[in-house]
file data-v9.cif (mmCIF, C-alpha atoms and all ligand atoms)
data_start
loop_
_atom_site.label_atom_id
_atom_site.label_comp_id
_atom_site.auth_asym_id
_atom_site.auth_seq_id
_atom_site.Cartn_x
_atom_site.Cartn_y
_atom_site.Cartn_z
CA MET A 1314 117.13 138.68 124.20
CA LEU A 1315 117.23 135.22 122.69
CA ILE A 1316 116.33 135.06 118.99
CA THR A 1317 115.24 131.71 117.54
CA ILE A 1318 114.99 130.96 113.83
CA PRO A 1319 114.59 127.83 111.69
CA ASP A 1320 117.83 126.65 110.07
CA TYR A 1321 116.52 127.45 106.55
CA TYR A 1322 115.90 131.08 107.49
CA GLN A 1323 118.86 132.43 105.51
CA ASP A 1324 117.87 130.46 102.41
CA PHE A 1325 114.95 132.78 101.77
CA GLU A 1326 115.20 135.53 99.22
CA CYS A 1327 112.19 137.37 97.83
CA ILE A 1328 111.86 136.73 94.08
CA ALA A 1329 109.69 139.88 93.64
CA ASP A 1330 108.27 140.15 90.10
CA LYS A 1331 109.18 136.49 89.42
CA CYS A 1332 106.84 135.39 92.18
CA GLU A 1333 103.81 133.47 90.86
CA ASP A 1334 101.69 135.24 93.45
CA THR A 1335 102.25 138.40 95.38
CA CYS A 1336 102.10 139.19 99.05
CA CYS A 1337 100.55 142.55 98.19
CA ALA A 1338 97.10 141.28 97.26
CA GLY A 1339 94.28 139.41 98.90
CA TRP A 1340 94.60 140.75 102.43
CA GLN A 1341 94.48 144.08 104.20
CA ILE A 1342 97.93 145.38 105.02
CA VAL A 1343 97.82 147.29 108.28
CA ILE A 1344 100.28 150.18 108.54
CA ASP A 1345 101.97 150.62 111.91
CA LYS A 1346 101.42 154.00 113.60
CA LYS A 1347 105.03 155.17 113.26
CA THR A 1348 105.09 154.59 109.49
CA LEU A 1349 101.62 156.08 109.04
CA LYS A 1350 102.90 159.26 110.64
CA LYS A 1351 105.95 159.18 108.38
CA TYR A 1352 103.71 158.88 105.33
CA THR A 1353 101.96 162.15 106.20
CA LYS A 1354 105.33 163.90 105.86
CA ILE A 1355 106.24 162.58 102.39
CA LYS A 1356 107.02 165.44 100.06
CA GLY A 1357 107.33 165.86 96.30
CA ASP A 1358 105.48 164.24 93.43
CA PHE A 1359 104.72 161.07 95.39
CA ARG A 1360 102.77 162.92 98.09
CA LYS A 1361 99.54 162.99 96.08
CA ARG A 1362 99.78 159.27 95.28
CA MET A 1363 100.44 158.51 98.93
CA PHE A 1364 97.38 160.40 100.11
CA LYS A 1365 95.18 158.69 97.52
CA SER A 1366 96.49 155.18 98.28
CA VAL A 1367 96.14 155.02 102.04
CA ASP A 1368 92.94 154.55 104.03
CA TRP A 1369 93.93 157.00 106.77
CA PHE A 1370 90.95 156.14 108.93
CA GLN A 1371 91.64 152.39 108.97
CA GLY A 1372 95.44 152.76 108.78
CA THR A 1373 95.68 150.37 105.81
CA PHE A 1374 96.70 150.49 102.16
CA LYS A 1375 93.72 150.86 99.84
CA GLN A 1376 93.01 148.04 97.41
CA ASP A 1377 91.48 147.78 93.95
CA LYS A 1378 88.48 145.60 93.14
CA ASP A 1379 90.78 142.54 92.89
CA LYS A 1380 92.12 143.26 96.38
CA ARG A 1381 95.50 144.33 95.01
CA CYS A 1382 97.39 146.92 97.04
CA ALA A 1383 97.08 150.43 95.59
CA PHE A 1384 100.88 150.58 95.21
CA LEU A 1385 101.22 147.29 93.36
CA ASN A 1386 101.87 147.94 89.66
CA GLU A 1387 101.01 145.74 86.70
CA LYS A 1388 104.48 144.13 86.84
CA ASN A 1389 103.74 143.06 90.43
CA LEU A 1390 106.32 145.52 91.70
CA CYS A 1391 105.72 147.97 94.52
CA ASP A 1392 105.60 151.63 93.41
CA LEU A 1393 106.12 152.75 97.00
CA TYR A 1394 109.39 150.78 97.12
CA LEU A 1395 110.43 152.04 93.67
CA SER A 1396 109.86 155.63 94.77
CA GLN A 1397 111.01 155.60 98.41
CA GLY A 1398 113.24 152.54 98.70
CA GLU A 1399 113.07 150.14 101.63
CA GLU A 1400 112.60 153.14 103.94
CA GLY A 1401 109.13 153.51 102.48
CA PHE A 1402 107.95 150.14 103.74
CA CYS A 1403 105.70 149.80 106.75
CA LYS A 1404 106.56 147.17 109.39
CA THR A 1405 104.35 144.49 107.80
CA CYS A 1406 105.87 144.91 104.32
CA ARG A 1407 109.40 145.12 105.71
CA GLU A 1408 109.04 141.92 107.70
CA TYR A 1409 106.90 139.65 105.54
CA PRO A 1410 107.23 136.65 105.22
CA ARG A 1411 108.92 136.72 108.60
CA HIS A 1412 106.51 135.90 111.39
CA THR A 1413 107.39 136.88 114.93
CA GLU A 1414 106.10 135.49 118.20
CA GLU A 1415 107.18 137.44 121.28
CA PHE A 1416 107.81 136.06 124.74
CA GLU A 1417 109.63 137.50 127.71
CA GLY A 1418 113.32 137.47 126.78
CA VAL A 1419 112.65 135.45 123.62
CA ARG A 1420 111.71 136.36 120.08
CA GLU A 1421 110.85 133.48 117.76
CA ILE A 1422 111.02 134.32 114.09
CA THR A 1423 109.72 131.90 111.49
CA LEU A 1424 109.13 132.23 107.76
CA SER A 1425 105.50 132.02 106.76
CA ILE A 1426 104.63 129.31 104.25
CA SER A 1427 102.01 131.67 102.82
CA CYS A 1428 104.91 132.97 100.71
CA PRO A 1429 105.36 130.62 97.72
CA GLU A 1430 109.14 130.85 97.99
CA VAL A 1431 109.12 129.79 101.64
CA ALA A 1432 106.63 126.99 100.92
CA ARG A 1433 109.03 125.83 98.20
CA ILE A 1434 111.98 125.81 100.61
CA LEU A 1435 110.03 123.76 103.14
CA MET A 1436 108.56 121.34 100.61
CA ASN A 1437 111.97 120.66 99.11
CA ARG A 1438 113.55 120.11 102.46
CA MET A 1439 114.32 116.46 103.14
CA GLU A 1440 116.45 116.64 106.31
CA PRO A 1441 114.76 117.30 109.65
CA VAL A 1442 114.52 121.01 110.39
CA SER A 1443 116.43 122.34 113.38
CA PHE A 1444 116.10 125.67 115.16
CA LEU A 1445 118.97 128.03 115.91
CA SER A 1446 119.21 130.52 118.74
CA TYR A 1447 121.44 133.52 119.32
CA GLU A 1448 121.57 136.42 121.74
CA ARG A 1449 120.76 139.96 120.69
CA GLU A 1450 120.81 143.14 122.77
CA GLY A 1451 117.56 144.44 124.14
CA GLU A 1452 114.94 143.08 126.47
CA GLU A 1453 111.26 143.82 126.88
CA GLU A 1454 109.22 143.54 130.05
CA PHE A 1455 106.03 141.52 129.78
CA GLU A 1456 103.15 141.96 132.16
CA ASP A 1457 101.68 138.77 133.62
CA PHE A 1458 104.15 136.54 131.79
CA ASP A 1459 104.67 133.15 133.41
CA PRO A 1460 108.30 132.12 132.73
CA PHE A 1461 107.81 128.77 134.47
CA PHE A 1462 104.89 127.81 132.24
CA TYR A 1463 106.82 129.00 129.19
CA SER A 1464 109.82 126.82 130.08
CA ILE A 1465 107.51 123.79 130.43
CA LEU A 1466 106.03 124.53 127.03
CA GLU A 1467 109.51 124.86 125.56
CA ASP A 1468 110.52 121.47 126.97
CA ALA A 1469 107.33 119.89 125.68
CA ARG A 1470 107.77 121.40 122.21
CA LYS A 1471 111.34 120.16 122.03
CA GLU A 1472 110.17 116.65 122.86
CA MET A 1473 107.23 116.85 120.44
CA ILE A 1474 109.53 117.95 117.61
CA ALA A 1475 111.87 115.05 118.41
CA ILE A 1476 108.86 112.71 118.20
CA LEU A 1477 107.69 114.25 114.92
CA GLN A 1478 111.18 113.84 113.48
CA ASN A 1479 111.58 110.25 114.62
CA ARG A 1480 111.47 108.59 111.21
CA ASP A 1481 111.47 105.11 112.70
CA LEU A 1482 107.84 105.71 113.67
CA THR A 1483 104.90 105.95 111.31
CA ILE A 1484 103.55 109.47 110.85
CA THR A 1485 100.26 108.37 112.46
CA ASP A 1486 102.08 107.18 115.58
CA ARG A 1487 104.08 110.39 115.80
CA ILE A 1488 100.84 112.41 115.61
CA LEU A 1489 99.17 110.24 118.25
CA LEU A 1490 102.11 110.72 120.62
CA ILE A 1491 102.16 114.50 120.42
CA LEU A 1492 98.37 114.65 120.80
CA GLY A 1493 98.59 112.35 123.81
CA MET A 1494 101.31 114.43 125.44
CA ALA A 1495 99.38 117.67 124.92
CA HIS A 1496 96.14 116.08 126.09
CA ASP A 1497 97.70 114.90 129.35
CA MET A 1498 99.50 118.19 129.92
CA GLN A 1499 96.20 120.02 129.44
CA GLY A 1500 94.61 117.80 132.07
CA ARG A 1501 97.41 118.65 134.55
CA MET A 1502 97.10 122.30 133.77
CA ASN A 1503 93.33 122.35 134.23
CA ARG A 1504 93.85 120.77 137.64
CA GLN A 1505 96.50 123.38 138.49
CA GLU A 1506 99.20 120.70 138.61
CA MET A 1507 101.74 122.41 136.43
CA PHE A 1508 104.69 120.70 138.14
CA ALA A 1509 103.34 117.32 137.01
CA CYS A 1510 103.68 118.36 133.34
CA SER A 1511 107.40 117.48 133.40
CA ASP A 1512 106.45 113.87 134.30
CA VAL A 1513 104.02 113.79 131.40
CA ILE A 1514 106.78 114.92 129.01
CA SER A 1515 109.13 112.17 130.27
CA LYS A 1516 106.40 109.53 130.02
CA TYR A 1517 105.89 110.28 126.36
CA THR A 1518 109.48 109.39 125.63
CA THR A 1519 108.82 105.73 126.54
CA ASN A 1520 107.56 102.93 124.25
CA ARG A 1521 104.66 102.35 126.62
CA ALA A 1522 103.21 105.73 125.71
CA LEU A 1523 102.24 104.63 122.22
CA ASP A 1524 100.19 101.69 123.51
CA PHE A 1525 98.32 103.94 125.90
CA VAL A 1526 97.60 106.64 123.43
CA LYS A 1527 96.44 104.21 120.74
CA LYS A 1528 93.72 102.99 123.07
CA HIS A 1529 92.34 106.49 123.20
CA GLN A 1530 92.51 107.28 119.53
CA GLN A 1531 89.19 108.53 118.17
CA LYS A 1532 88.19 105.42 116.22
CA THR A 1533 85.67 105.34 113.45
CA GLU A 1534 83.56 102.21 113.23
CA ASN A 1535 83.21 101.97 109.47
CA LYS A 1536 84.06 103.65 106.20
CA LYS A 1537 80.97 105.84 106.27
CA GLU A 1538 81.85 107.12 109.73
CA GLU A 1539 85.45 107.78 108.68
CA MET A 1540 84.26 109.84 105.74
CA THR A 1541 81.71 111.69 107.88
CA PHE A 1542 84.39 112.62 110.44
CA ALA A 1543 86.76 113.88 107.71
CA HIS A 1544 83.91 115.73 105.98
CA THR A 1545 82.75 117.39 109.22
CA MET A 1546 86.28 118.52 109.99
CA PHE A 1547 86.74 119.81 106.45
CA GLN A 1548 83.45 121.73 106.54
CA HIS A 1549 84.81 123.90 109.32
CA LEU A 1550 87.00 125.56 106.70
CA PHE A 1551 83.81 127.07 105.25
CA GLU A 1552 83.11 128.78 108.58
CA LEU A 1553 86.29 130.84 108.32
CA GLU A 1554 86.74 134.37 107.03
CA LEU A 1555 87.31 134.17 103.27
CA LEU A 1556 90.27 136.25 102.10
CA ARG A 1557 90.23 135.32 98.43
CA GLU A 1558 87.25 134.20 96.43
CA GLU A 1559 89.26 131.57 94.54
CA TRP A 1560 89.82 129.84 97.86
CA GLY A 1561 86.07 129.39 98.32
CA VAL A 1562 85.94 127.79 94.86
CA LEU A 1563 88.80 125.43 95.74
CA LEU A 1564 87.09 124.40 98.98
CA ALA A 1565 83.79 123.71 97.23
CA GLU A 1566 85.58 121.71 94.56
CA THR A 1567 87.52 119.70 97.18
CA GLU A 1568 84.33 118.95 99.08
CA ASP A 1569 82.60 117.75 95.96
CA LEU A 1570 85.51 115.59 94.83
CA LEU A 1571 86.17 113.91 98.17
CA TYR A 1572 82.93 113.64 100.08
CA ARG A 1573 80.21 113.45 97.46
CA ASP A 1574 80.37 109.69 97.42
CA LYS A 1575 80.35 108.28 100.95
CA GLU A 1576 81.50 104.82 99.91
CA ASN A 1577 84.42 106.00 97.84
CA TYR A 1578 86.26 108.20 100.34
CA CYS A 1579 88.23 105.39 102.01
CA LYS A 1580 88.99 103.78 98.69
CA THR A 1581 90.29 107.08 97.34
CA LYS A 1582 92.43 107.60 100.43
CA LYS A 1583 93.97 104.18 100.08
CA GLU A 1584 94.64 104.71 96.39
CA PHE A 1585 96.17 108.12 97.10
CA ILE A 1586 98.59 106.55 99.59
CA ASN A 1587 99.38 103.75 97.17
CA TYR A 1588 99.99 106.31 94.44
CA PHE A 1589 103.01 107.54 96.38
CA LYS A 1590 104.07 104.03 97.35
CA ASN A 1591 103.88 102.74 93.81
CA ARG A 1592 106.00 105.49 92.35
CA THR A 1593 109.07 104.07 93.99
CA GLY A 1594 108.15 100.79 95.54
CA LEU A 1595 109.77 101.98 98.73
CA GLN A 1596 107.76 101.92 101.89
CA ASN A 1597 108.32 102.68 105.51
CA HIS A 1598 108.70 99.31 107.25
CA ASN A 1599 106.33 100.48 109.94
CA SER A 1600 103.48 101.49 107.72
CA LYS A 1601 100.13 99.74 107.74
CA ASP A 1602 97.77 99.41 104.89
CA GLY A 1603 95.31 102.24 104.62
CA GLU A 1604 97.21 104.73 106.78
CA PRO A 1605 99.17 107.75 105.60
CA ASP A 1606 102.47 106.20 106.60
CA THR A 1607 104.25 105.96 103.31
CA MET A 1608 107.93 106.71 103.35
CA ILE A 1609 108.57 107.44 99.74
CA GLU A 1610 111.86 108.28 98.14
CA ASP A 1611 111.20 109.56 94.66
CA SER A 1612 114.37 110.84 93.13
CA ASN A 1613 112.53 112.04 90.03
CA CYS A 1614 109.91 114.25 91.55
CA ASN A 1615 111.26 114.71 95.05
CA ILE A 1616 107.99 113.70 96.65
CA ASN A 1617 108.40 112.05 99.99
CA ILE A 1618 104.96 112.29 101.45
CA THR A 1619 105.92 111.36 105.01
CA ILE A 1620 108.67 113.93 105.10
CA HIS A 1621 106.40 116.66 103.70
CA LEU A 1622 103.84 115.89 106.40
CA GLU A 1623 106.57 115.92 109.05
CA GLN A 1624 107.86 119.32 107.91
CA LEU A 1625 104.36 120.82 107.95
CA LEU A 1626 103.60 119.42 111.40
CA VAL A 1627 106.89 120.77 112.78
CA TYR A 1628 106.23 124.14 111.15
CA PHE A 1629 102.73 124.56 112.63
CA LEU A 1630 103.74 123.18 116.02
CA PHE A 1631 106.84 125.34 116.32
CA THR A 1632 104.98 128.49 115.32
CA TYR A 1633 101.88 128.22 117.50
CA PHE A 1634 102.52 125.90 120.44
CA PRO A 1635 104.32 128.31 122.84
CA GLY A 1636 101.43 130.79 122.40
CA ALA A 1637 99.68 128.55 124.95
CA VAL A 1638 101.58 130.54 127.57
CA TYR A 1639 99.04 133.34 126.98
CA ASP A 1640 95.81 131.34 126.88
CA GLY A 1641 96.56 127.95 128.45
CA GLU A 1642 95.26 126.11 125.34
CA ILE A 1643 98.01 123.48 125.12
CA TYR A 1644 95.92 120.76 123.52
CA ALA A 1645 94.16 123.07 121.05
CA LYS A 1646 97.56 124.30 119.79
CA VAL A 1647 98.69 120.75 119.00
CA GLN A 1648 95.31 119.93 117.46
CA LEU A 1649 95.70 123.05 115.32
CA ALA A 1650 99.01 121.73 113.93
CA VAL A 1651 97.47 118.32 113.22
CA TYR A 1652 94.29 119.80 111.76
CA CYS A 1653 96.11 122.19 109.38
CA THR A 1654 98.38 119.40 108.12
CA TRP A 1655 95.46 117.02 107.73
CA MET A 1656 93.40 119.56 105.76
CA ILE A 1657 96.35 120.21 103.42
CA TRP A 1658 96.53 116.44 102.90
CA GLU A 1659 92.80 116.35 102.01
CA ILE A 1660 93.21 119.22 99.55
CA TRP A 1661 96.21 117.45 97.94
CA MET A 1662 94.08 114.32 97.62
CA ALA A 1663 91.25 116.22 95.89
CA ARG A 1664 93.70 117.83 93.45
CA TRP A 1665 95.17 114.40 92.72
CA LEU A 1666 91.67 113.13 91.92
CA LYS A 1667 90.91 116.14 89.75
CA ASN A 1668 94.15 115.54 87.80
CA GLU A 1669 93.03 111.98 87.09
CA LYS A 1670 95.15 110.60 89.89
CA SER A 1671 98.32 112.55 89.52
CA ILE A 1672 100.01 115.35 91.45
CA ASP A 1673 103.49 116.84 91.49
CA LEU A 1674 105.51 118.72 94.05
CA GLU A 1675 104.82 122.08 92.44
CA GLU A 1676 101.07 121.67 92.80
CA MET A 1677 101.42 120.40 96.35
CA THR A 1678 103.52 123.49 97.17
CA GLU A 1679 100.94 125.79 95.58
CA LEU A 1680 98.20 124.27 97.73
CA VAL A 1681 100.34 124.65 100.87
CA TYR A 1682 100.88 128.38 100.42
CA ARG A 1683 97.26 128.99 99.42
CA PHE A 1684 96.04 127.17 102.53
CA SER A 1685 98.41 129.18 104.70
CA ARG A 1686 97.30 132.48 103.14
CA GLU A 1687 93.72 131.84 104.04
CA VAL A 1688 94.13 130.26 107.42
CA GLU A 1689 97.28 131.75 108.92
CA HIS A 1690 96.83 135.28 107.69
CA SER A 1691 93.70 135.90 109.64
CA ASP A 1692 93.91 135.98 113.42
CA LEU A 1693 90.17 135.53 113.33
CA ASN A 1694 90.56 132.26 111.43
CA LEU A 1695 93.26 130.91 113.72
CA ARG A 1696 91.13 131.73 116.76
CA GLU A 1697 88.07 130.16 115.15
CA ILE A 1698 89.92 126.92 114.39
CA GLU A 1699 91.18 126.71 117.96
CA LYS A 1700 87.63 127.29 119.20
CA ILE A 1701 86.35 124.51 116.96
CA LEU A 1702 89.13 122.19 118.05
CA SER A 1703 88.41 122.76 121.70
CA LYS A 1704 85.18 120.84 121.00
CA LYS A 1705 86.36 118.32 118.42
CA TRP A 1706 88.86 115.82 119.70
CA PHE A 1707 91.20 113.59 117.79
CA LEU A 1708 91.59 111.55 120.97
CA THR A 1709 88.83 110.40 123.28
CA ASN A 1710 88.32 112.40 126.43
CA LYS A 1711 89.82 109.81 128.73
CA THR A 1712 93.31 110.31 130.11
CA GLY A 1713 96.03 108.94 127.86
CA CYS A 1714 99.43 107.80 129.04
CA SER A 1715 99.50 108.61 132.68
S1 LIG Z 1801 105.11 136.27 98.35
FE1 LIG Z 1801 107.26 135.94 99.03
S2 LIG Z 1801 108.49 135.72 97.14
FE2 LIG Z 1801 106.47 136.53 96.57
S3 LIG Z 1801 106.75 138.75 96.48
FE3 LIG Z 1801 106.03 138.29 98.57
S4 LIG Z 1801 107.85 137.93 99.84
FE4 LIG Z 1801 108.50 137.89 97.67
#

call {"tool": "encode", "arguments": {"input": "data-v9.cif", "output": "structure tokens"}}
result
Amino acid sequence: MLITIPDYYQDFECIADKCEDTCCAGWQIVIDKKTLKKYTKIKGDFRKRMFKSVDWFQGTFKQDKDKRCAFLNEKNLCDLYLSQGEEGFCKTCREYPRHTEEFEGVREITLSISCPEVARILMNRMEPVSFLSYEREGEEEFEDFDPFFYSILEDARKEMIAILQNRDLTITDRILLILGMAHDMQGRMNRQEMFACSDVISKYTTNRALDFVKKHQQKTENKKEEMTFAHTMFQHLFELELLREEWGVLLAETEDLLYRDKENYCKTKKEFINYFKNRTGLQNHNSKDGEPDTMIEDSNCNINITIHLEQLLVYFLFTYFPGAVYDGEIYAKVQLAVYCTWMIWEIWMARWLKNEKSIDLEEMTELVYRFSREVEHSDLNLREIEKILSKKWFLTNKTGCS
């Protein structure tokens, strides 16, 4: 079995009670069957606590009114761990923040940015992320797995990551290219022309591809339309399952700050971009006025907005794109990566406005992990976003590059 991990995987270490948040509150922790059975056999003083703290019918840990796990003590330490050691953990607790995607012969393990410590690692990372693979014993058989389709997706993802990490291009152009590639691959797939996908991948490595895809970019005619498009896309976040009430408050606040005044949205966006530009005076030579293309080196606060966006795009793309092997939704997976990154950008912008036009890396990191907690930690939410994105297109419906 081939195991794949991001190169910062070993940098993670749980900071436990020093963590500003905890992974043991805000969501239902499902206990795997094997561990649940083990819990019924616990003996001694802890047995009573165990029976009281587990919802045996649902197979989850009970929570208090603040949605804190029944084993989480006031110091944010786990009483189950303190009593039983690591052996006491269920699979979810043992693995978090590791996130695993399984494919035939391949296990891809990432670190979820819903953990503040992981979000910090990623947001402080300036070099392009690479992915490491190694062999481990053991193989699982998958029913109805299409290894050919998976290998095409792997090739496409490799190329998309190379595009996203091409720092000679503006971030907007990188996004357009990966959307274009996915869009055209989806077209081939829908027409049962899987073999032609390899040609699509090669075509998106040429300079010509950018010209084609730009023609099919979803253009907004005026400032009002631009704001309406952003607002409509943002409003979809309200349709998702709410895991923490504070998140609902943050969304409402963001909506009010950004979209209340139709005229001001574009002006705010421009100012937000300039805020990063002006902090250093450095700018990506490819950037155009009014687009999020700033390449900022800020040695004081370590904010390099283009690189943060790149890291988030690579993170979402790497994690979810190969899942298309199970549902064929190639384009929706890429749109999901773009949408999540874009929404984080909008939330950063609202926080910057709220702070009287100021934001630091710590706050940006906080907003990243809070976004991830709400969106990534609910399969329902991820499915809902994909459903929404199968209707909303960042590109027009016409064929792109080929
Ligand atoms: S959220 Fe991350 S750092 Fe915090 S307690 Fe959980 S695993 Fe540790």

call {"tool": "residues_around", "arguments": {"input": "data-v9.cif", "residues": "Ile1426 of chain A", "least_positions_apart": "6", "cutoff": "8 Å", "atoms": "only C-alpha atoms", "output": "list of chain:residue names"}}
result
A:Pro1410, A:Ala1432, A:Leu1435, A:Val1681, A:Tyr1682, A:Ser1685

call {"tool": "atom_distance", "arguments": {"input": "data-v9.cif", "atom1": "atom CA of Ala1383 of chain A", "atom2": "atom CA of Gln1371 of chain A"}}
result
14.6 Å

call {"tool": "closest_residue", "arguments": {"input": "data-v9.cif", "among": "A:Leu1445, A:Ile1344, A:Ile1484, A:Leu1556", "to": "Asp1379 of chain A", "atoms": "all atoms listed in the file"}}
result
A:Leu1556

call {"tool": "atom_distance", "arguments": {"input": "data-v9.cif", "atom1": "atom CA of Glu1414 of chain A", "atom2": "atom CA of Asn1437 of chain A"}}
result
24.9 Å

call {"tool": "residues_near_ligand", "arguments": {"input": "data-v9.cif", "ligand": "ligand LIG 1801 (chain Z)", "cutoff": "10 Å", "atoms": "only C-alpha atoms and all ligand atoms", "output": "VMD selection string"}}
result
chain A and resid 1325 to 1338 1389 to 1391 1406 to 1411 1424 to 1433 1682 1686

call {"tool": "closest_residue", "arguments": {"input": "data-v9.cif", "among": "A:Leu1555, A:Ile1465, A:Leu1571, A:Val1526", "to": "Trp1340 of chain A", "atoms": "all atoms listed in the file"}}
result
A:Leu1555

call {"tool": "closest_residue", "arguments": {"input": "data-v9.cif", "among": "A:Asp1524, A:Glu1584, A:Glu1699, A:Glu1559", "to": "Phe1684 of chain A", "atoms": "all atoms listed in the file"}}
result
A:Glu1559

call {"tool": "residues_around", "arguments": {"input": "data-v9.cif", "residues": "Val1513 of chain A", "least_positions_apart": "2", "cutoff": "12 Å", "atoms": "all atoms listed in the file", "output": "ChimeraX atom specification"}}
result
/A:1465-1466,1468-1469,1472-1473,1490-1491,1493-1502,1506-1511,1515-1519,1522,1712-1715

call {"tool": "residues_around", "arguments": {"input": "data-v9.cif", "residues": "Arg1696 of chain A", "least_positions_apart": "4", "cutoff": "12 Å", "atoms": "only C-alpha atoms", "output": "MDAnalysis selection string"}}
result
chainID A and resid 1552:1554 1633 1636 1640 1642 1645:1646 1649 1688:1692 1700:1703

call {"tool": "write_last_selection", "arguments": {"input": "data-v9.cif", "atoms": "C-alpha atoms", "output": "compact mmCIF listing (two decimals), in the frame of the given file"}}
result
# COMPACT_ATOMS: atom_id res chain seq x y z
CA GLU A 1552 83.11 128.78 108.58
CA LEU A 1553 86.29 130.84 108.32
CA GLU A 1554 86.74 134.37 107.03
CA TYR A 1633 101.88 128.22 117.50
CA GLY A 1636 101.43 130.79 122.40
CA ASP A 1640 95.81 131.34 126.88
CA GLU A 1642 95.26 126.11 125.34
CA ALA A 1645 94.16 123.07 121.05
CA LYS A 1646 97.56 124.30 119.79
CA LEU A 1649 95.70 123.05 115.32
CA VAL A 1688 94.13 130.26 107.42
CA GLU A 1689 97.28 131.75 108.92
CA HIS A 1690 96.83 135.28 107.69
CA SER A 1691 93.70 135.90 109.64
CA ASP A 1692 93.91 135.98 113.42
CA LYS A 1700 87.63 127.29 119.20
CA ILE A 1701 86.35 124.51 116.96
CA LEU A 1702 89.13 122.19 118.05
CA SER A 1703 88.41 122.76 121.70

call {"tool": "closest_residue", "arguments": {"input": "data-v9.cif", "among": "A:Ile1316, A:Val1442, A:Ala1663, A:Leu1625", "to": "Ile1488 of chain A", "atoms": "only C-alpha atoms"}}
result
A:Leu1625

call {"tool": "residues_around", "arguments": {"input": "data-v9.cif", "residues": "segment 1535-1549 of chain A", "least_positions_apart": "6", "cutoff": "8 Å", "atoms": "all atoms listed in the file", "output": "PyMOL selection string"}}
result
chain A and resi 1568+1572+1575-1576+1578-1579+1656+1698+1701

call {"tool": "atom_distance", "arguments": {"input": "data-v9.cif", "atom1": "atom CA of Glu1421 of chain A", "atom2": "atom CA of Thr1632 of chain A"}}
result
8.1 Å

call {"tool": "closest_residue", "arguments": {"input": "data-v9.cif", "among": "A:Ile1434, A:Ile1422, A:Ala1650, A:Val1627", "to": "Thr1678 of chain A", "atoms": "only C-alpha atoms"}}
result
A:Ile1434

call {"tool": "build_atoms", "arguments": {"input": "data-v9.cif", "residues": "segment 1410-1420 of chain A", "atoms": "N, CA, C and O atoms", "output": "mmCIF file, keeping the file's coordinate frame"}}
result
data_model
loop_
_atom_site.group_PDB
_atom_site.id
_atom_site.type_symbol
_atom_site.label_atom_id
_atom_site.label_comp_id
_atom_site.auth_asym_id
_atom_site.auth_seq_id
_atom_site.Cartn_x
_atom_site.Cartn_y
_atom_site.Cartn_z
ATOM 1 N N PRO A 1410 108.068 137.678 104.591
ATOM 2 C CA PRO A 1410 107.230 136.650 105.220
ATOM 3 C C PRO A 1410 107.711 136.209 106.599
ATOM 4 O O PRO A 1410 107.377 135.114 107.039
ATOM 5 N N ARG A 1411 108.486 137.084 107.244
ATOM 6 C CA ARG A 1411 108.920 136.720 108.600
ATOM 7 C C ARG A 1411 107.747 136.864 109.551
ATOM 8 O O ARG A 1411 107.010 137.842 109.470
ATOM 9 N N HIS A 1412 107.609 135.887 110.426
ATOM 10 C CA HIS A 1412 106.510 135.900 111.390
ATOM 11 C C HIS A 1412 107.131 135.852 112.775
ATOM 12 O O HIS A 1412 107.950 134.992 113.059
ATOM 13 N N THR A 1413 106.753 136.807 113.613
ATOM 14 C CA THR A 1413 107.390 136.880 114.930
ATOM 15 C C THR A 1413 106.408 136.565 116.056
ATOM 16 O O THR A 1413 105.288 137.063 116.064
ATOM 17 N N GLU A 1414 106.849 135.738 116.952
ATOM 18 C CA GLU A 1414 106.100 135.490 118.200
ATOM 19 C C GLU A 1414 106.980 135.981 119.338
ATOM 20 O O GLU A 1414 108.155 135.628 119.414
ATOM 21 N N GLU A 1415 106.393 136.813 120.198
ATOM 22 C CA GLU A 1415 107.180 137.440 121.280
ATOM 23 C C GLU A 1415 106.876 136.808 122.634
ATOM 24 O O GLU A 1415 105.709 136.618 122.978
ATOM 25 N N PHE A 1416 107.933 136.543 123.359
ATOM 26 C CA PHE A 1416 107.810 136.060 124.740
ATOM 27 C C PHE A 1416 108.836 136.817 125.565
ATOM 28 O O PHE A 1416 109.757 137.422 125.009
ATOM 29 N N GLU A 1417 108.692 136.754 126.888
ATOM 30 C CA GLU A 1417 109.630 137.500 127.710
ATOM 31 C C GLU A 1417 111.057 136.986 127.489
ATOM 32 O O GLU A 1417 111.330 135.799 127.719
ATOM 33 N N GLY A 1418 111.923 137.852 126.991
ATOM 34 C CA GLY A 1418 113.320 137.470 126.780
ATOM 35 C C GLY A 1418 113.560 136.634 125.534
ATOM 36 O O GLY A 1418 114.695 136.245 125.253
ATOM 37 N N VAL A 1419 112.511 136.330 124.801
ATOM 38 C CA VAL A 1419 112.650 135.450 123.620
ATOM 39 C C VAL A 1419 111.840 136.013 122.451
ATOM 40 O O VAL A 1419 110.687 136.438 122.627
ATOM 41 N N ARG A 1420 112.447 136.007 121.288
ATOM 42 C CA ARG A 1420 111.710 136.360 120.080
ATOM 43 C C ARG A 1420 111.887 135.206 119.102
ATOM 44 O O ARG A 1420 113.008 134.871 118.722
#
